[in-house]
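Undergrad: What follows is a single structure, and I will ask about it in a moment.
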Amino acid sequence: MNIKEIKNEKLGESYFHIEHPTGLDIFVMPKVGYSSTFAVFATKYGSIDTKILQSNGRFAEIPEGTAHFLEHKLFESEDLDAFERFAKTGANANAYTSFDRTAYLFSCTSNFSENLEILLDFVQSPYFTPATVEKEQGIIGQEIRMYKDNAGWEVMFNLLMALYRIHPVRIDIAGTVESIAQITADTLYNCYKNFYNLKNMALAVVGNTTVEEVMKIADKVLKPTEGEKAVRDFVIESPEPIKSYTEERLQVNVPQFLLGFKEDIGTPERSLKEKLSAQILLDIVGGKASPLYKRMMDSGLINTTFSHEYFDGFGYSAAFFGGESKEPEKAAQAIKEEIVRLNSVGIAQSDFEKSRRELYGRMIMMYNDIDDIANHIIETNFSGNGLFDEIEVCKSLTVDDVNTRLKELLKEKYSALSVIKPIQEV
Amino acid sequence: MNKPIIKEIADGVRLCSLKTSQFKTGKITITMALPLDENVSANAVVPHILHRSCRDYPDYSALNGKLAELYGAVLMANVSKHGEAQLLSISLTSIDDRFSLTDESIAKECAQLLTKLIFEPKLTNECFEEADVEREKRLLIEKMESEMDNKNVYAQQRCEQVMCENEAFGIPKYGTKEKISALTPSDIYDAWQRTLKTAVILITVISSGETDGIEQSFAMGFSGIKRSPVKPKTVFIKSANAPRRVSEEQSVKQGKLVLGFRAGMENADDKKYDLYVATDIFGGGTYSKLFSNVREKMSLCYYCQATLQRQKGVIFVRSGIETENEKKATDEILRQLELIKQGNVSEDEFNASILAVCDRINGYNDSPETISAWYFSQILEDEIQTPEYYFEKYKSVTLDGVINAAKGITLDTVFMLSSKPGSGEGQE
């Protein structure tokens with residue numbers, strides 16, 4: 001077995017990467033002084049994976065929301081379900097599904113080995129029946145409805161639907177009440193087989209633990225799986241959005257907006273340099289210390305909810321600015337004007353330094369939280385990077401890198417505005 | 001984890017410092033407790049306006065630029081309700097000096113910055129500036145409206161208002177929109193002065209370095225203030241009269257049900273350990289009665305949770321459901337509580353709860369946020385206790401104690417936010 005220690009001197013942290021014979025990548029970061037241990041077992045299977053590659057080389061469609069549905073159902077088994085097993089150990093267990101992964105996790109301060117065994121075991125033991133699938137449709141139906149009243153959630157998915165024509169990032173992570181009605185026990189088994197292959201997965205454990213402790217359980221519980229890494233379908237779609245404006249009315253007091261710039265990409269994934277320089281760029285454009293922020297705040301166009309995000313994953317990449325605003329169109333216009341201005345004057349070295357320092361500081365802060373670290377290990381591993389790479393890339397960035405990103409990322413012709421307005425009472 | 005050192009640095013101002021090198025950051029939080037009364041709106045503006053600028057950094061661009069240079073130090077203001085007290089807090093988190101890329105001392109600069117924000121705000125003629133006050137009023141109103149757009153939070157607040165309409169607890173933490181709109185710069189100045197003079201104050205410091213500097217800066221700040229602290233008091237109502245039901249309709253997709261209970265407490269310490277566990281068995285984790293039955297068995301909801309607010313002796317159960325299922329869900333929630341009162345709690349259920357509660361407490365020491373929250377939530381306690389102390393207390397809770405405590409829980413108010421006919425449908 002190949003065990004490698006990866007260190008970062010400045011950060012004072014190190015972790016171990018183990019290539020387990022089953023094909024699973026295992027990461028262990030022991031943290032001195034911590035009582036808790038956090039473990040996350042994840043598969044590279046999220047809501048954007050709406051197709052399965054078949055033996056004939058073609059992709060077959062699966063219902064929207066299946067990854068999330070499967071996440072809910074994996075907790076069940078023929079005898080004791082996973083929650084009942086964790087109830088005997090005191091661990092706090094949970095799971096989440098994002099655009100590009102499904103993760104099962106727990107944190108605990110005692111009975112770690114037992115908890116890890118439960119985690120590895122239940123994720124490897126699918127058990128679905130028509131009755132349990134039907135029961136879940138009610139629960140997930142309520143989860144979907146809960147988000148339908150959430151203006152922040154709606155403003156984002158409406159924007160994604162305006163920006164993306166075919167990429168499945170445009171669909172709700174949980175699917176729709178109609179799409180999940182098509183899910184059967186067979187659908188779940190089929191997806192499980194395709195995506196829950198250990199070569200397609202990773203385990204990260206951070207906190208009060210050791211490599212030996214983790215490996216003892218991993219060796220005992222991990223069962224070799226057949227098949228190879230799941231293949232993702234990369235469809236290049238044109239950078240033009242479907243529409244440049246989308247609006248929905250909800251029972252809210254404050255309107256919300258999200259302005260998105262879709263990036264013109266020819267390859268599915270962005271490099272760390274591209275990601276981090278984009279983050280710095282967005283901070284320079286609309287961060288709290290920016291002139292734009294002050295102008296919009298002083299004129300009452302935005303409030304403290306205003307923020308920005310570089311949003312990227314397999315086959316999609318976009319820059320978002322948004323928050324609450326009484327005048328969403330005006331706020332969006334102010335942002336676009338600032339981008340035009342920056343394009344003509346370029347980014348100043350001093351502004352770049354300030355934003356880079358902030359990014360560096362926030363990266364360091366992440367190392368306080370064992371759950372953040374573990375999730376970040378999974379995220380970086382799934383995108384082909386090491387945990388500490390981004391700190392090093394951040395230190396090496398220059399103002400020129402950010403000026404390059406300014407030219408390629410923030411194009412008005414590839415932008416769309418999503419707005420949530422209050423319902424007008426009759 | 002070390003024990004914190006607690007010192008009184010001025011009349012009614014305690015400094016609770018915990019030295020640890022476990023984290024990459026230092027975190028200072030100042031929390032100020034005031035009574036929940038007619039001044040809540042003016043008070044609520046105070047931490048917000050203070051954390052936006054100061055004499056040395058007179059606008060937020062200047063201040064945020066400084067924070068960015070301090071490697072993205074995180075400055076936050078917060079207002080919360082703690083029994084019948086209003087807590088105002090400002091916190092500053094920054095990376096440790098050892099991560100600085102140059103030679104500056106980040107910790108020292110941050111400690112100085114925080115005291116400047118609190119004691120040396122930007123004033124003109126002994127008052128806050130009109131434009132700053134107007135901006136903060138707008139931001140606070142929008143914040144309040146935004147929080148109310150979260151229907152879960154809205155329903156909870158409405159339940160509190162209905163249930164405690166004749167108690168201070170019924171006052172929302174920011175007061176009302178009308179009250180905020182009417183505030184003048186001198187109201188804010190008075191609120192700032194009143195806070196510095198009369199609030200009960202706790203400063204928590206979680207840091208790897210020495211805290212003498214922080215102590216001196218704050219001690220100096222308070223030395224110029226004539227303190228006469230007033231400790232906020234909370235009225236406890238031990239049990240409810242006949243329960244009431246109040247409902248409202250909105251154009252929402254999902255209905256929100258909130259049940260407000262009186263916990264049977266006479267003060268904030270009364271049966272607190274037993275009741276905490278009873279509430280957890282009722283509607284805490286995935287092993288709880290509400291999760292297992294209302295969600296898993298009946299598929300009525302995605303979440304159904306119970307929380308104890310021991311500072312007021314009340315318990316709230318919240319769930320998001322289809323409007324037509326209100327009665328079904330309410331009946332089941334009350335039936336589950338009845339089962340606990342009758343002693344129908346298995347050893348497994350009880351053990352699962354004790355294990356989970358103890359595990360949670362054990363984990364508090366693993367993040368600066370949870371540690372400082374742990375300590376500042378004891379702002380009104382005479383003796384400040386560690387998580388380890390509570391851990392031992394929870395370990396000795398018995399099933400009999402839990403059942404007896406649960407017997408004192410009575411339903412006071414049911415609040416239902418229903419979806420208007422037609423709006424529960426999916427999007428067109």
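Ordering of the structure tokens sets the chain letters (A, B, ...), residue numbers begin anew at 1 in every chain, and ligands are numbered from 1 in the order given.
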Excluding range 405-414 of chain A and residues on its chain fewer than 4 positions from it, collect all residues at most 12 Å away from it, counting only C-alpha atoms, and give them as an MDAnalysis selection string.

TA: chainID A and resid 162:164 238:245 259:265 270 273:285 310:312 317:321 332:333 335:347 397:401

Undergrad: Near Met296 in chain A, within 12 Å and counting only C-alpha atoms, which residues show up once chain neighbours fewer than 2 positions away are dropped, as number ranges by chain?

TA: A: 286-288, 290-294, 298-304, 306, 322-328, 330-335, 337-338; B: 61, 135

Undergrad: Give me, as JSON, numbers by chain, the contact residues of chain A against chain B at a cut-off of 7 Å, counting only C-alpha atoms.

TA: {"A": [10, 33, 34, 35, 36, 83, 84, 87, 88, 89, 90, 91, 108, 109, 135, 138, 139, 140, 142, 143, 145, 146, 148, 149, 150, 251, 252, 253, 254, 288, 289, 290, 294, 303, 354, 355, 357, 358, 359, 360, 361, 362, 364, 365, 367, 368, 369]}

Undergrad: Taking the DSSP assignment computed from this structure's backbone, write out as a ChimeraX atom specification all residues of range 79-164 of chain A that belong to strand (DSSP E).

TA: /A:92-97,102-108

Undergrad: Would you pick out the contacts of range 8-16 of chain B at 6 Å or less, using only C-alpha atoms, so that residues sharing its chain but fewer than 2 positions from it are not included, and give the list as a PyMOL selection string?

TA: chain B and resi 5-6+200-204+219+229

Undergrad: Considering only C-alpha atoms, return as a ChimeraX atom specification whatever protein or nucleic-acid residues lie within 10 Å of Lys271 in chain B, sequence-local ones (same chain, fewer than 2 positions apart) excluded.

TA: /B:263-269,273-276,310,401-402,404-406

Undergrad: Restricted to N, CA and C atoms, what would the selected residues look like written as a short mmCIF file (atom, residue, chain, number, x, y, z; two decimals), in the first residue's frame?

TA:
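That gives us selection-v5.cif:
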```cif
data_model
loop_
_atom_site.label_atom_id
_atom_site.label_comp_id
_atom_site.auth_asym_id
_atom_site.auth_seq_id
_atom_site.Cartn_x
_atom_site.Cartn_y
_atom_site.Cartn_z
N ALA B 263 -41.97 25.43 29.57
CA ALA B 263 -41.17 24.25 29.94
C ALA B 263 -41.35 23.83 31.40
N GLY B 264 -42.09 24.63 32.18
CA GLY B 264 -42.26 24.29 33.59
C GLY B 264 -41.11 24.79 34.46
N MET B 265 -40.34 25.76 33.95
CA MET B 265 -39.18 26.27 34.70
C MET B 265 -39.55 27.51 35.51
N GLU B 266 -38.93 27.65 36.68
CA GLU B 266 -39.16 28.84 37.51
C GLU B 266 -38.04 29.85 37.34
N ASN B 267 -36.91 29.36 36.90
CA ASN B 267 -35.78 30.25 36.59
C ASN B 267 -34.89 29.52 35.60
N ALA B 268 -33.84 30.18 35.11
CA ALA B 268 -33.04 29.63 34.03
C ALA B 268 -32.24 28.38 34.42
N ASP B 269 -32.16 28.10 35.72
CA ASP B 269 -31.41 26.91 36.15
C ASP B 269 -32.31 25.75 36.53
N TYR B 273 -30.82 20.62 33.13
CA TYR B 273 -30.18 19.47 32.46
C TYR B 273 -31.22 18.45 32.03
N ASP B 274 -32.17 18.17 32.95
CA ASP B 274 -33.22 17.20 32.64
C ASP B 274 -34.07 17.67 31.45
N LEU B 275 -34.39 18.96 31.46
CA LEU B 275 -35.24 19.48 30.38
C LEU B 275 -34.52 19.52 29.04
N TYR B 276 -33.24 19.77 29.09
CA TYR B 276 -32.46 19.80 27.84
C TYR B 276 -32.49 18.41 27.19
N ARG B 310 -33.73 27.95 27.51
CA ARG B 310 -33.82 27.89 28.96
C ARG B 310 -33.78 29.28 29.60
N GLY B 401 -35.53 11.51 35.91
CA GLY B 401 -35.43 12.98 35.95
C GLY B 401 -36.02 13.58 34.68
N VAL B 402 -35.72 12.95 33.56
CA VAL B 402 -36.21 13.45 32.27
C VAL B 402 -37.73 13.39 32.21
N ASN B 404 -39.88 13.23 34.69
CA ASN B 404 -40.47 14.18 35.63
C ASN B 404 -40.42 15.60 35.08
N ALA B 405 -39.30 15.95 34.47
CA ALA B 405 -39.18 17.29 33.90
C ALA B 405 -40.19 17.47 32.76
N ALA B 406 -40.33 16.43 31.93
CA ALA B 406 -41.23 16.52 30.78
C ALA B 406 -42.68 16.74 31.23
#
```

Undergrad: Per DSSP on the backbone, what are the helix (DSSP H, G or I) residues of range 154-250 of chain A, as JSON, numbers by chain?

TA: {"A": [154, 155, 156, 157, 158, 159, 160, 161, 162, 163, 168, 169, 170, 177, 178, 179, 180, 181, 185, 186, 187, 188, 189, 190, 191, 192, 193, 194, 195, 198, 199, 200, 211, 212, 213, 214, 215, 216, 217, 218, 219, 220, 221]}

Undergrad: Using the selection just defined, write its residues with N, CA and C atoms as a short mmCIF file (atom, residue, chain, number, x, y, z; two decimals), in the first residue's frame.

TA:
```cif
data_model
loop_
_atom_site.label_atom_id
_atom_site.label_comp_id
_atom_site.auth_asym_id
_atom_site.auth_seq_id
_atom_site.Cartn_x
_atom_site.Cartn_y
_atom_site.Cartn_z
N GLU A 154 -34.05 30.21 -5.16
CA GLU A 154 -34.75 30.41 -6.42
C GLU A 154 -34.00 31.35 -7.35
N VAL A 155 -33.43 32.43 -6.76
CA VAL A 155 -32.76 33.41 -7.62
C VAL A 155 -31.56 32.74 -8.30
N MET A 156 -30.93 31.78 -7.62
CA MET A 156 -29.78 31.12 -8.23
C MET A 156 -30.21 30.13 -9.32
N PHE A 157 -31.20 29.30 -9.01
CA PHE A 157 -31.58 28.32 -10.04
C PHE A 157 -32.25 28.97 -11.24
N ASN A 158 -32.96 30.06 -11.01
CA ASN A 158 -33.52 30.78 -12.16
C ASN A 158 -32.40 31.33 -13.03
N LEU A 159 -31.32 31.81 -12.38
CA LEU A 159 -30.19 32.32 -13.16
C LEU A 159 -29.53 31.19 -13.94
N LEU A 160 -29.32 30.05 -13.27
CA LEU A 160 -28.68 28.92 -13.97
C LEU A 160 -29.54 28.47 -15.15
N MET A 161 -30.85 28.54 -14.99
CA MET A 161 -31.72 28.15 -16.10
C MET A 161 -31.65 29.16 -17.24
N ALA A 162 -31.37 30.42 -16.90
CA ALA A 162 -31.23 31.43 -17.95
C ALA A 162 -29.87 31.32 -18.63
N LEU A 163 -28.84 30.97 -17.86
CA LEU A 163 -27.48 30.92 -18.41
C LEU A 163 -27.23 29.65 -19.22
N PRO A 168 -26.61 20.14 -17.18
CA PRO A 168 -27.54 19.81 -16.08
C PRO A 168 -27.33 20.64 -14.80
N VAL A 169 -26.34 21.54 -14.78
CA VAL A 169 -26.21 22.43 -13.62
C VAL A 169 -27.46 23.30 -13.51
N ARG A 170 -28.25 23.36 -14.60
CA ARG A 170 -29.45 24.18 -14.60
C ARG A 170 -30.62 23.54 -13.85
N VAL A 177 -40.76 17.38 -8.06
CA VAL A 177 -41.71 16.39 -7.56
C VAL A 177 -42.03 15.39 -8.68
N GLU A 178 -42.11 15.88 -9.92
CA GLU A 178 -42.43 15.00 -11.06
C GLU A 178 -41.25 14.08 -11.39
N SER A 179 -40.02 14.63 -11.42
CA SER A 179 -38.89 13.77 -11.82
C SER A 179 -38.61 12.69 -10.78
N ILE A 180 -38.76 13.01 -9.49
CA ILE A 180 -38.46 11.97 -8.50
C ILE A 180 -39.56 10.91 -8.45
N ALA A 181 -40.73 11.24 -9.00
CA ALA A 181 -41.80 10.25 -9.06
C ALA A 181 -41.43 9.11 -10.01
N ALA A 185 -36.71 1.54 -7.37
CA ALA A 185 -35.60 0.85 -6.70
C ALA A 185 -34.54 0.45 -7.73
N ASP A 186 -34.98 0.08 -8.93
CA ASP A 186 -34.03 -0.31 -9.98
C ASP A 186 -33.14 0.85 -10.43
N THR A 187 -33.76 2.03 -10.57
CA THR A 187 -32.97 3.21 -10.94
C THR A 187 -31.85 3.38 -9.92
N LEU A 188 -32.20 3.25 -8.64
CA LEU A 188 -31.22 3.48 -7.59
C LEU A 188 -30.09 2.44 -7.64
N TYR A 189 -30.46 1.18 -7.82
CA TYR A 189 -29.43 0.14 -7.91
C TYR A 189 -28.50 0.38 -9.10
N ASN A 190 -29.09 0.78 -10.20
CA ASN A 190 -28.34 1.02 -11.41
C ASN A 190 -27.32 2.17 -11.22
N CYS A 191 -27.80 3.27 -10.61
CA CYS A 191 -26.91 4.41 -10.37
C CYS A 191 -25.86 4.06 -9.32
N TYR A 192 -26.29 3.32 -8.33
CA TYR A 192 -25.35 2.91 -7.29
C TYR A 192 -24.18 2.15 -7.90
N LYS A 193 -24.52 1.21 -8.76
CA LYS A 193 -23.50 0.37 -9.37
C LYS A 193 -22.51 1.20 -10.20
N ASN A 194 -23.04 2.18 -10.87
CA ASN A 194 -22.21 2.99 -11.75
C ASN A 194 -21.33 3.98 -11.00
N PHE A 195 -21.89 4.61 -9.95
CA PHE A 195 -21.17 5.72 -9.32
C PHE A 195 -20.53 5.40 -7.97
N LEU A 198 -15.48 2.21 -5.68
CA LEU A 198 -14.47 2.83 -4.80
C LEU A 198 -13.44 3.65 -5.57
N LYS A 199 -13.25 3.32 -6.85
CA LYS A 199 -12.30 4.10 -7.65
C LYS A 199 -12.87 5.49 -7.97
N ASN A 200 -14.16 5.62 -7.78
CA ASN A 200 -14.84 6.89 -8.05
C ASN A 200 -15.07 7.68 -6.76
N VAL A 211 -3.38 7.46 11.28
CA VAL A 211 -3.44 6.66 10.06
C VAL A 211 -3.75 5.20 10.42
N GLU A 212 -3.10 4.70 11.46
CA GLU A 212 -3.28 3.29 11.84
C GLU A 212 -4.74 3.00 12.17
N GLU A 213 -5.33 3.90 12.95
CA GLU A 213 -6.71 3.71 13.36
C GLU A 213 -7.65 3.64 12.14
N VAL A 214 -7.42 4.56 11.21
CA VAL A 214 -8.28 4.60 10.02
C VAL A 214 -8.05 3.35 9.16
N MET A 215 -6.78 2.99 8.97
CA MET A 215 -6.48 1.86 8.07
C MET A 215 -7.00 0.54 8.62
N LYS A 216 -6.99 0.42 9.93
CA LYS A 216 -7.45 -0.83 10.53
C LYS A 216 -8.92 -1.08 10.13
N ILE A 217 -9.71 -0.04 10.22
CA ILE A 217 -11.13 -0.18 9.86
C ILE A 217 -11.30 -0.29 8.34
N ALA A 218 -10.54 0.52 7.60
CA ALA A 218 -10.66 0.50 6.14
C ALA A 218 -10.34 -0.90 5.62
N ASP A 219 -9.26 -1.48 6.11
CA ASP A 219 -8.87 -2.82 5.65
C ASP A 219 -9.94 -3.86 5.99
N LYS A 220 -10.57 -3.65 7.11
CA LYS A 220 -11.57 -4.61 7.56
C LYS A 220 -12.88 -4.49 6.76
N VAL A 221 -13.29 -3.27 6.48
CA VAL A 221 -14.65 -3.06 5.96
C VAL A 221 -14.73 -2.85 4.44
#
```

Undergrad: Can you tell me which residues surround Pro30 in chain A at a distance of at most 6 Å, considering only C-alpha atoms, apart from same-chain residues fewer than 4 positions away, and format the answer as a list in words?

TA: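 The contact residues come out as Val206, Gly207, Asn208, Thr209 and Thr210 of chain A.
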
Undergrad: Let me make sure I understand: among B:Gly343, B:Pro387, B:Gly83, B:Pro172, which one has the smallest atom-to-atom distance to Val153 in chain B if we use only C-alpha atoms?

TA: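 The closest residue to Val153 in chain B is B:Pro172.
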
Undergrad: I'd like the interatomic distance between CA of Leu18 in chain B and CA of Phe38 in chain A, to a tenth of an Å.

TA: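 Distance reported for this atom pair: 23.7 Å.
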
Undergrad: What is the CA of Phe106 in chain A-CA of Val123 in chain A distance in Å, reported with one decimal?

TA: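 That distance, rounded to one decimal, is 12.5 Å.
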
Undergrad: Would you pick out the contacts of Phe69 in chain A at 9 Å or less, using only C-alpha atoms, so that residues sharing its chain but fewer than 4 positions from it are not included, and give the list as a count of residues only?

TA: 12

Undergrad: Could you pull the residues within 9 Å of Met1 in chain A, counting only C-alpha atoms, minus those fewer than 3 positions along the same chain, as a ChimeraX atom specification?

TA: /A:18-21

Undergrad: Restricting the calculation to only C-alpha atoms, which member of A:Leu250, A:Ile173, A:Ile118, A:Ala151 is positioned closest to Ile423 in chain A?

TA: A:Leu250

Undergrad: For the atom pair CA of Thr370 in chain B and CA of Gln309 in chain B, what is the interatomic distance in Å to one decimal place?

TA: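 Those two atoms sit 17.4 Å apart.
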